[in-house]
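Enquirer: What follows is upload.tsv; its format and atoms are TSV, N, CA and C atoms.
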chain	number	residue	atom	x	y	z
X	46	MET	N	101.97	99.15	95.92
X	46	MET	CA	101.62	100.04	97.00
X	46	MET	C	102.48	101.30	96.90
X	47	LEU	N	101.86	102.43	97.01
X	47	LEU	CA	102.59	103.70	96.99
X	47	LEU	C	103.03	104.02	98.41
X	48	PHE	N	104.20	104.58	98.55
X	48	PHE	CA	104.85	104.69	99.84
X	48	PHE	C	105.33	106.12	100.07
X	49	GLU	N	105.06	106.64	101.27
X	49	GLU	CA	105.60	107.94	101.68
X	49	GLU	C	106.14	107.80	103.09
X	50	TYR	N	107.36	108.22	103.28
X	50	TYR	CA	108.00	108.16	104.60
X	50	TYR	C	107.46	109.29	105.46
X	51	LEU	N	107.00	108.97	106.68
X	51	LEU	CA	106.45	110.00	107.56
X	51	LEU	C	107.40	110.36	108.70
X	52	LEU	N	107.88	109.36	109.43
X	52	LEU	CA	108.71	109.66	110.59
X	52	LEU	C	109.49	108.44	111.02
X	53	ASN	N	110.48	108.67	111.86
X	53	ASN	CA	111.16	107.55	112.50
X	53	ASN	C	111.48	107.92	113.94
X	54	ARG	N	111.68	106.89	114.74
X	54	ARG	CA	112.01	107.07	116.15
X	54	ARG	C	113.17	106.15	116.48
X	55	GLN	N	114.10	106.63	117.28
X	55	GLN	CA	115.24	105.82	117.71
X	55	GLN	C	115.25	105.80	119.22
X	56	SER	N	115.46	104.63	119.77
X	56	SER	CA	115.52	104.47	121.21
X	56	SER	C	116.76	103.64	121.55
X	57	HIS	N	117.59	104.15	122.43
X	57	HIS	CA	118.80	103.43	122.83
X	57	HIS	C	118.52	102.61	124.09
X	58	MET	N	119.13	101.46	124.14
X	58	MET	CA	119.05	100.59	125.32
X	58	MET	C	117.60	100.33	125.73
X	59	SER	N	116.76	99.93	124.77
X	59	SER	CA	115.36	99.71	125.10
X	59	SER	C	115.11	98.22	125.33
X	60	PHE	N	114.68	97.50	124.34
X	60	PHE	CA	114.39	96.08	124.50
X	60	PHE	C	115.67	95.26	124.52
X	61	PHE	N	115.80	94.43	125.52
X	61	PHE	CA	116.95	93.54	125.67
X	61	PHE	C	118.27	94.32	125.63
X	62	GLU	N	118.23	95.56	126.14
X	62	GLU	CA	119.39	96.44	126.20
X	62	GLU	C	119.99	96.71	124.81
X	63	LYS	N	119.13	96.78	123.81
X	63	LYS	CA	119.54	97.04	122.43
X	63	LYS	C	118.88	98.33	121.95
X	64	SER	N	119.43	98.89	120.88
X	64	SER	CA	118.80	100.05	120.26
X	64	SER	C	117.60	99.58	119.44
X	65	ASP	N	116.66	100.47	119.27
X	65	ASP	CA	115.42	100.14	118.57
X	65	ASP	C	115.12	101.25	117.58
X	66	LEU	N	114.87	100.89	116.33
X	66	LEU	CA	114.51	101.85	115.30
X	66	LEU	C	113.09	101.54	114.82
X	67	LEU	N	112.29	102.57	114.70
X	67	LEU	CA	110.92	102.43	114.21
X	67	LEU	C	110.75	103.41	113.06
X	68	PHE	N	110.27	102.93	111.93
X	68	PHE	CA	109.99	103.77	110.78
X	68	PHE	C	108.50	103.71	110.49
X	69	VAL	N	107.87	104.85	110.29
X	69	VAL	CA	106.44	104.91	110.00
X	69	VAL	C	106.28	105.48	108.59
X	70	CYS	N	105.53	104.76	107.77
X	70	CYS	CA	105.31	105.16	106.39
X	70	CYS	C	103.82	105.21	106.11
X	71	LEU	N	103.44	106.08	105.23
X	71	LEU	CA	102.07	106.15	104.74
X	71	LEU	C	102.02	105.33	103.46
X	72	LEU	N	101.22	104.29	103.47
X	72	LEU	CA	101.09	103.42	102.31
X	72	LEU	C	99.73	103.62	101.69
X	73	ARG	N	99.70	103.74	100.40
X	73	ARG	CA	98.44	103.87	99.66
X	73	ARG	C	98.32	102.62	98.80
X	74	PRO	N	97.30	101.81	99.07
X	74	PRO	CA	97.20	100.51	98.38
X	74	PRO	C	96.85	100.65	96.90
X	75	LEU	N	97.37	99.74	96.12
X	75	LEU	CA	96.97	99.65	94.72
X	75	LEU	C	95.68	98.84	94.60
X	76	SER	N	95.38	98.07	95.66
X	76	SER	CA	94.17	97.26	95.72
X	76	SER	C	93.74	97.14	97.18
X	77	PHE	N	92.46	96.97	97.43
X	77	PHE	CA	91.99	96.79	98.80
X	77	PHE	C	91.81	95.32	99.15
X	78	SER	N	92.25	94.46	98.28
X	78	SER	CA	92.21	93.03	98.53
X	78	SER	C	93.38	92.67	99.45
X	79	ILE	N	93.10	92.01	100.56
X	79	ILE	CA	94.14	91.64	101.52
X	79	ILE	C	94.36	90.13	101.44
X	80	GLN	N	95.60	89.72	101.27
X	80	GLN	CA	95.95	88.30	101.29
X	80	GLN	C	96.66	88.04	102.61
X	81	ILE	N	95.98	87.36	103.51
X	81	ILE	CA	96.51	87.10	104.85
X	81	ILE	C	97.44	85.90	104.82
X	82	GLN	N	98.61	86.06	105.40
X	82	GLN	CA	99.53	84.95	105.57
X	82	GLN	C	99.16	84.29	106.90
X	83	GLU	N	98.34	83.26	106.83
X	83	GLU	CA	97.69	82.70	108.01
X	83	GLU	C	98.64	82.18	109.08
X	84	VAL	N	99.85	81.77	108.72
X	84	VAL	CA	100.79	81.28	109.73
X	84	VAL	C	101.30	82.40	110.62
X	85	GLU	N	101.22	83.66	110.16
X	85	GLU	CA	101.74	84.78	110.93
X	85	GLU	C	100.66	85.76	111.41
X	86	ILE	N	99.57	85.88	110.68
X	86	ILE	CA	98.58	86.91	110.97
X	86	ILE	C	97.21	86.26	111.19
X	87	GLU	N	96.59	86.60	112.30
X	87	GLU	CA	95.27	86.06	112.58
X	87	GLU	C	94.17	86.85	111.88
X	88	VAL	N	94.28	88.18	111.91
X	88	VAL	CA	93.25	89.04	111.32
X	88	VAL	C	93.93	90.23	110.65
X	89	ALA	N	93.40	90.63	109.51
X	89	ALA	CA	93.86	91.84	108.83
X	89	ALA	C	92.67	92.47	108.15
X	90	ASN	N	92.52	93.78	108.29
X	90	ASN	CA	91.42	94.47	107.62
X	90	ASN	C	91.75	95.94	107.47
X	91	TRP	N	91.08	96.57	106.50
X	91	TRP	CA	91.19	98.01	106.31
X	91	TRP	C	90.16	98.68	107.21
X	92	MET	N	90.51	99.82	107.78
X	92	MET	CA	89.54	100.57	108.57
X	92	MET	C	89.76	102.06	108.33
X	93	PRO	N	88.69	102.84	108.43
X	93	PRO	CA	88.83	104.29	108.27
X	93	PRO	C	89.74	104.85	109.37
X	94	PHE	N	90.49	105.91	109.03
X	94	PHE	CA	91.42	106.49	109.99
X	94	PHE	C	90.71	106.92	111.27
X	95	ASP	N	89.54	107.54	111.15
X	95	ASP	CA	88.81	108.00	112.35
X	95	ASP	C	88.52	106.85	113.30
X	96	GLU	N	88.16	105.71	112.76
X	96	GLU	CA	87.89	104.52	113.59
X	96	GLU	C	89.18	104.04	114.26
X	97	TYR	N	90.27	104.02	113.50
X	97	TYR	CA	91.57	103.62	114.03
X	97	TYR	C	92.00	104.56	115.16
X	98	ALA	N	91.90	105.87	114.92
X	98	ALA	CA	92.36	106.87	115.88
X	98	ALA	C	91.49	106.92	117.13
X	99	ALA	N	90.25	106.46	117.05
X	99	ALA	CA	89.33	106.51	118.20
X	99	ALA	C	89.52	105.36	119.17
X	100	GLN	N	90.40	104.42	118.87
X	100	GLN	CA	90.62	103.29	119.77
X	100	GLN	C	91.20	103.79	121.10
X	101	THR	N	90.76	103.20	122.20
X	101	THR	CA	91.12	103.71	123.53
X	101	THR	C	92.62	103.68	123.81
X	102	PHE	N	93.34	102.73	123.27
X	102	PHE	CA	94.78	102.65	123.57
X	102	PHE	C	95.58	103.79	122.94
X	103	MET	N	95.00	104.51	121.98
X	103	MET	CA	95.71	105.60	121.30
X	103	MET	C	96.14	106.71	122.27
X	104	GLU	N	95.33	107.00	123.25
X	104	GLU	CA	95.63	108.09	124.19
X	104	GLU	C	96.75	107.73	125.16
X	105	LYS	N	97.09	106.46	125.27
X	105	LYS	CA	98.09	106.01	126.24
X	105	LYS	C	99.52	106.20	125.74
X	106	PHE	N	99.69	106.32	124.43
X	106	PHE	CA	101.04	106.31	123.86
X	106	PHE	C	101.32	107.62	123.12
X	107	GLU	N	102.30	108.36	123.58
X	107	GLU	CA	102.66	109.64	122.97
X	107	GLU	C	103.08	109.46	121.51
X	108	LEU	N	103.80	108.38	121.22
X	108	LEU	CA	104.24	108.11	119.86
X	108	LEU	C	103.04	108.00	118.91
X	109	LEU	N	101.99	107.31	119.34
X	109	LEU	CA	100.81	107.14	118.49
X	109	LEU	C	100.08	108.46	118.29
X	110	LYS	N	100.05	109.29	119.31
X	110	LYS	CA	99.41	110.61	119.16
X	110	LYS	C	100.16	111.45	118.13
X	111	TYR	N	101.49	111.47	118.22
X	111	TYR	CA	102.28	112.22	117.24
X	111	TYR	C	102.09	111.65	115.84
X	112	THR	N	102.10	110.34	115.73
X	112	THR	CA	101.93	109.69	114.42
X	112	THR	C	100.59	110.08	113.81
X	113	ASN	N	99.53	110.06	114.60
X	113	ASN	CA	98.20	110.44	114.10
X	113	ASN	C	98.17	111.89	113.66
X	114	ASP	N	98.79	112.78	114.44
X	114	ASP	CA	98.83	114.20	114.09
X	114	ASP	C	99.59	114.41	112.78
X	115	ILE	N	100.70	113.71	112.62
X	115	ILE	CA	101.49	113.84	111.40
X	115	ILE	C	100.71	113.33	110.20
X	116	TYR	N	100.03	112.21	110.38
X	116	TYR	CA	99.21	111.67	109.29
X	116	TYR	C	98.14	112.67	108.86
X	117	LEU	N	97.41	113.21	109.82
X	117	LEU	CA	96.36	114.18	109.49
X	117	LEU	C	96.92	115.41	108.80
X	118	ALA	N	98.06	115.90	109.27
X	118	ALA	CA	98.70	117.06	108.64
X	118	ALA	C	99.16	116.71	107.23
X	119	LYS	N	99.66	115.51	107.03
X	119	LYS	CA	100.11	115.07	105.70
X	119	LYS	C	98.92	115.03	104.74
X	120	ILE	N	97.82	114.44	105.17
X	120	ILE	CA	96.62	114.34	104.33
X	120	ILE	C	96.09	115.72	103.98
X	121	ASP	N	96.19	116.68	104.92
X	121	ASP	CA	95.72	118.05	104.68
X	121	ASP	C	96.72	118.89	103.90
X	122	GLY	N	97.87	118.32	103.54
X	122	GLY	CA	98.88	119.06	102.80
X	122	GLY	C	99.68	120.03	103.65
X	123	GLN	N	99.67	119.84	104.97
X	123	GLN	CA	100.37	120.75	105.88
X	123	GLN	C	101.68	120.17	106.41
X	124	TYR	N	101.97	118.93	106.11
X	124	TYR	CA	103.20	118.29	106.59
X	124	TYR	C	103.92	117.71	105.40
X	125	PHE	N	105.18	118.08	105.24
X	125	PHE	CA	105.93	117.61	104.09
X	125	PHE	C	106.99	116.60	104.48
X	126	GLY	N	107.40	116.60	105.74
X	126	GLY	CA	108.32	115.59	106.24
X	126	GLY	C	109.51	115.39	105.34
X	127	PHE	N	109.87	114.16	105.14
X	127	PHE	CA	110.98	113.82	104.27
X	127	PHE	C	110.46	113.52	102.87
X	128	THR	N	111.18	114.00	101.88
X	128	THR	CA	110.81	113.80	100.49
X	128	THR	C	111.73	112.76	99.88
X	129	PRO	N	111.17	111.76	99.17
X	129	PRO	CA	112.04	110.81	98.47
X	129	PRO	C	112.64	111.47	97.23
X	130	VAL	N	113.95	111.48	97.15
X	130	VAL	CA	114.66	112.04	96.00
X	130	VAL	C	115.34	110.88	95.30
X	131	SER	N	114.98	110.67	94.05
X	131	SER	CA	115.55	109.58	93.27
X	131	SER	C	117.01	109.90	92.94
X	132	ILE	N	117.90	108.98	93.25
X	132	ILE	CA	119.33	109.18	92.96
X	132	ILE	C	119.87	107.94	92.24
X	133	THR	N	120.95	108.15	91.53
X	133	THR	CA	121.64	107.02	90.92
X	133	THR	C	122.84	106.67	91.77
X	134	SER	N	123.10	105.40	91.81
X	134	SER	CA	124.21	104.91	92.62
X	134	SER	C	125.35	104.49	91.71
X	135	ASN	N	126.56	104.65	92.19
X	135	ASN	CA	127.72	104.17	91.45
X	135	ASN	C	127.89	102.66	91.64
X	136	PHE	N	127.13	102.08	92.56
X	136	PHE	CA	127.30	100.67	92.91
X	136	PHE	C	126.18	99.78	92.37
X	137	PHE	N	124.97	100.34	92.17
X	137	PHE	CA	123.82	99.55	91.75
X	137	PHE	C	123.15	100.21	90.56
X	138	GLU	N	122.59	99.39	89.68
X	138	GLU	CA	121.92	99.94	88.51
X	138	GLU	C	120.49	100.38	88.81
X	139	ASN	N	119.87	99.78	89.81
X	139	ASN	CA	118.48	100.13	90.10
X	139	ASN	C	118.41	101.47	90.82
X	140	LYS	N	117.20	102.05	90.81
X	140	LYS	CA	116.99	103.36	91.44
X	140	LYS	C	117.16	103.26	92.95
X	141	ASN	N	117.67	104.32	93.53
X	141	ASN	CA	117.79	104.46	94.97
X	141	ASN	C	117.05	105.72	95.37
X	142	TYR	N	116.63	105.76	96.60
X	142	TYR	CA	115.93	106.95	97.09
X	142	TYR	C	116.62	107.46	98.35
X	143	LEU	N	116.86	108.73	98.36
X	143	LEU	CA	117.41	109.42	99.52
X	143	LEU	C	116.24	110.18	100.14
X	144	TYR	N	115.99	109.96	101.42
X	144	TYR	CA	114.87	110.63	102.09
X	144	TYR	C	115.42	111.79	102.91
X	145	LEU	N	114.97	112.99	102.60
X	145	LEU	CA	115.48	114.16	103.30
X	145	LEU	C	114.42	115.23	103.38
X	146	ASN	N	114.67	116.22	104.22
X	146	ASN	CA	113.78	117.35	104.37
X	146	ASN	C	114.18	118.38	103.32
X	147	VAL	N	113.51	118.33	102.17
X	147	VAL	CA	113.86	119.20	101.05
X	147	VAL	C	113.68	120.67	101.42
X	148	GLY	N	112.60	120.99	102.16
X	148	GLY	CA	112.36	122.37	102.57
X	148	GLY	C	113.49	122.89	103.43
X	149	GLY	N	113.97	122.07	104.37
X	149	GLY	CA	115.08	122.46	105.23
X	149	GLY	C	116.36	122.64	104.44
X	150	LEU	N	116.59	121.76	103.44
X	150	LEU	CA	117.77	121.88	102.60
X	150	LEU	C	117.73	123.17	101.77
X	151	LYS	N	116.57	123.50	101.22
X	151	LYS	CA	116.44	124.74	100.44
X	151	LYS	C	116.70	125.96	101.32
X	152	MET	N	116.23	125.91	102.57
X	152	MET	CA	116.47	127.04	103.49
X	152	MET	C	117.96	127.18	103.77
X	153	CYS	N	118.66	126.05	103.97
X	153	CYS	CA	120.11	126.10	104.23
X	153	CYS	C	120.87	126.68	103.04
X	154	LYS	N	120.48	126.30	101.85
X	154	LYS	CA	121.17	126.79	100.64
X	154	LYS	C	120.93	128.27	100.42
X	155	SER	N	119.79	128.78	100.89
X	155	SER	CA	119.50	130.20	100.65
X	155	SER	C	120.15	131.11	101.69
X	156	LEU	N	120.75	130.54	102.73
X	156	LEU	CA	121.40	131.37	103.76
X	156	LEU	C	122.69	131.98	103.27
Show this structure as structure tokens.
Expert:
Amino acid sequence: MLFEYLLNRQSHMSFFEKSDLLFVCLLRPLSFSIQIQEVEIEVANWMPFDEYAAQTFMEKFELLKYTNDIYLAKIDGQYFGFTPVSITSNFFENKNYLYLNVGGLKMCKSL
């Protein structure tokens, strides 16, 4: 599965008086075959974005509205968000990725 980081949200003192982190990623499947883990998931299916976004509960949650807008902008090439930059670690041999706003970094360097 190909992965692109879109956004994250942090909430302090939310559930059970704990902090809550949410990360949203755009995943592009290598296959459309879904293997359901039946002990955890009752139903899983692919659906077109328009069908997903038209569900009535979408209008109730500001987070979902922003997420949908960011997705549409990303697909249209208008949102660049965070870019994965491959880095080497002094501690691990495998590849690591640093997610950052490359456009913002370039602007800072040019000041």
Enquirer: Would you please work out which residue, of X:Glu87, X:Asp95, X:Asp65, X:Glu49, is nearest to Pro129 in chain X when using only N, CA and C atoms?
Expert: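 Among X:Glu87, X:Asp95, X:Asp65, X:Glu49, it is X:Glu49 that comes nearest to Pro129 in chain X.
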Enquirer: Pick the closest to Tyr144 in chain X from X:Ser64, X:Thr128, X:Ala98, X:Tyr111: which is it, counting only N, CA and C atoms?
Expert: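 For Tyr144 in chain X, the nearest of the given residues is X:Thr128.
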Enquirer: Rank nothing, just name the residue among X:Leu145, X:Ser131, X:Leu52, X:Ile79 nearest to Leu67 in chain X, using all atoms listed in the file.
Expert: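 Looking only at the distances to Leu67 in chain X, the closest residue turns out to be X:Leu52.
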Enquirer: For Phe48 in chain X, list every protein, DNA or RNA residue within 10 Å, evaluated using only C-alpha atoms, and leave out those in the same chain fewer than 5 positions away; present the list as a PyMOL selection string.
Expert: chain X and resi 70-74+129
Enquirer: For CA of Asn146 in chain X and atom N of Phe125 in chain X, determine how far apart the two atoms are, in Å to one decimal place.
Expert: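 CA of Asn146 in chain X sits 8.7 Å away from atom N of Phe125 in chain X.
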Enquirer: Using DSSP on the backbone coordinates, identify all residues within chain X classified as strand (DSSP E); present the result as a ChimeraX atom specification.
Expert: /X:47-56,65-73,128-132,141-145
Enquirer: Could you give me, as a PyMOL selection string, each residue of chain X that DSSP assigns to alpha helix (DSSP H) when run on this structure's backbone?
Expert: chain X and resi 94-98+107-120+147-155
Enquirer: Expressed in Å to a single decimal, how great is the separation between CA of His57 in chain X and CA of Lys110 in chain X?
Expert: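 So the two atoms, CA of His57 in chain X and CA of Lys110 in chain X, lie 21.0 Å apart.
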Enquirer: For Glu96 in chain X, which residue among X:Leu108, X:Gln80, X:Val130, X:Asn113 is the nearest when counting only C-alpha atoms?
Expert: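 Answer, going by the shortest atom-to-atom distance: X:Asn113.
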Enquirer: Please indicate the distance in Å from CA of Leu117 in chain X to CA of Val69 in chain X, rounded to one decimal place.
Expert: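 Answer for the CA of Leu117 in chain X to CA of Val69 in chain X separation: 13.7 Å.
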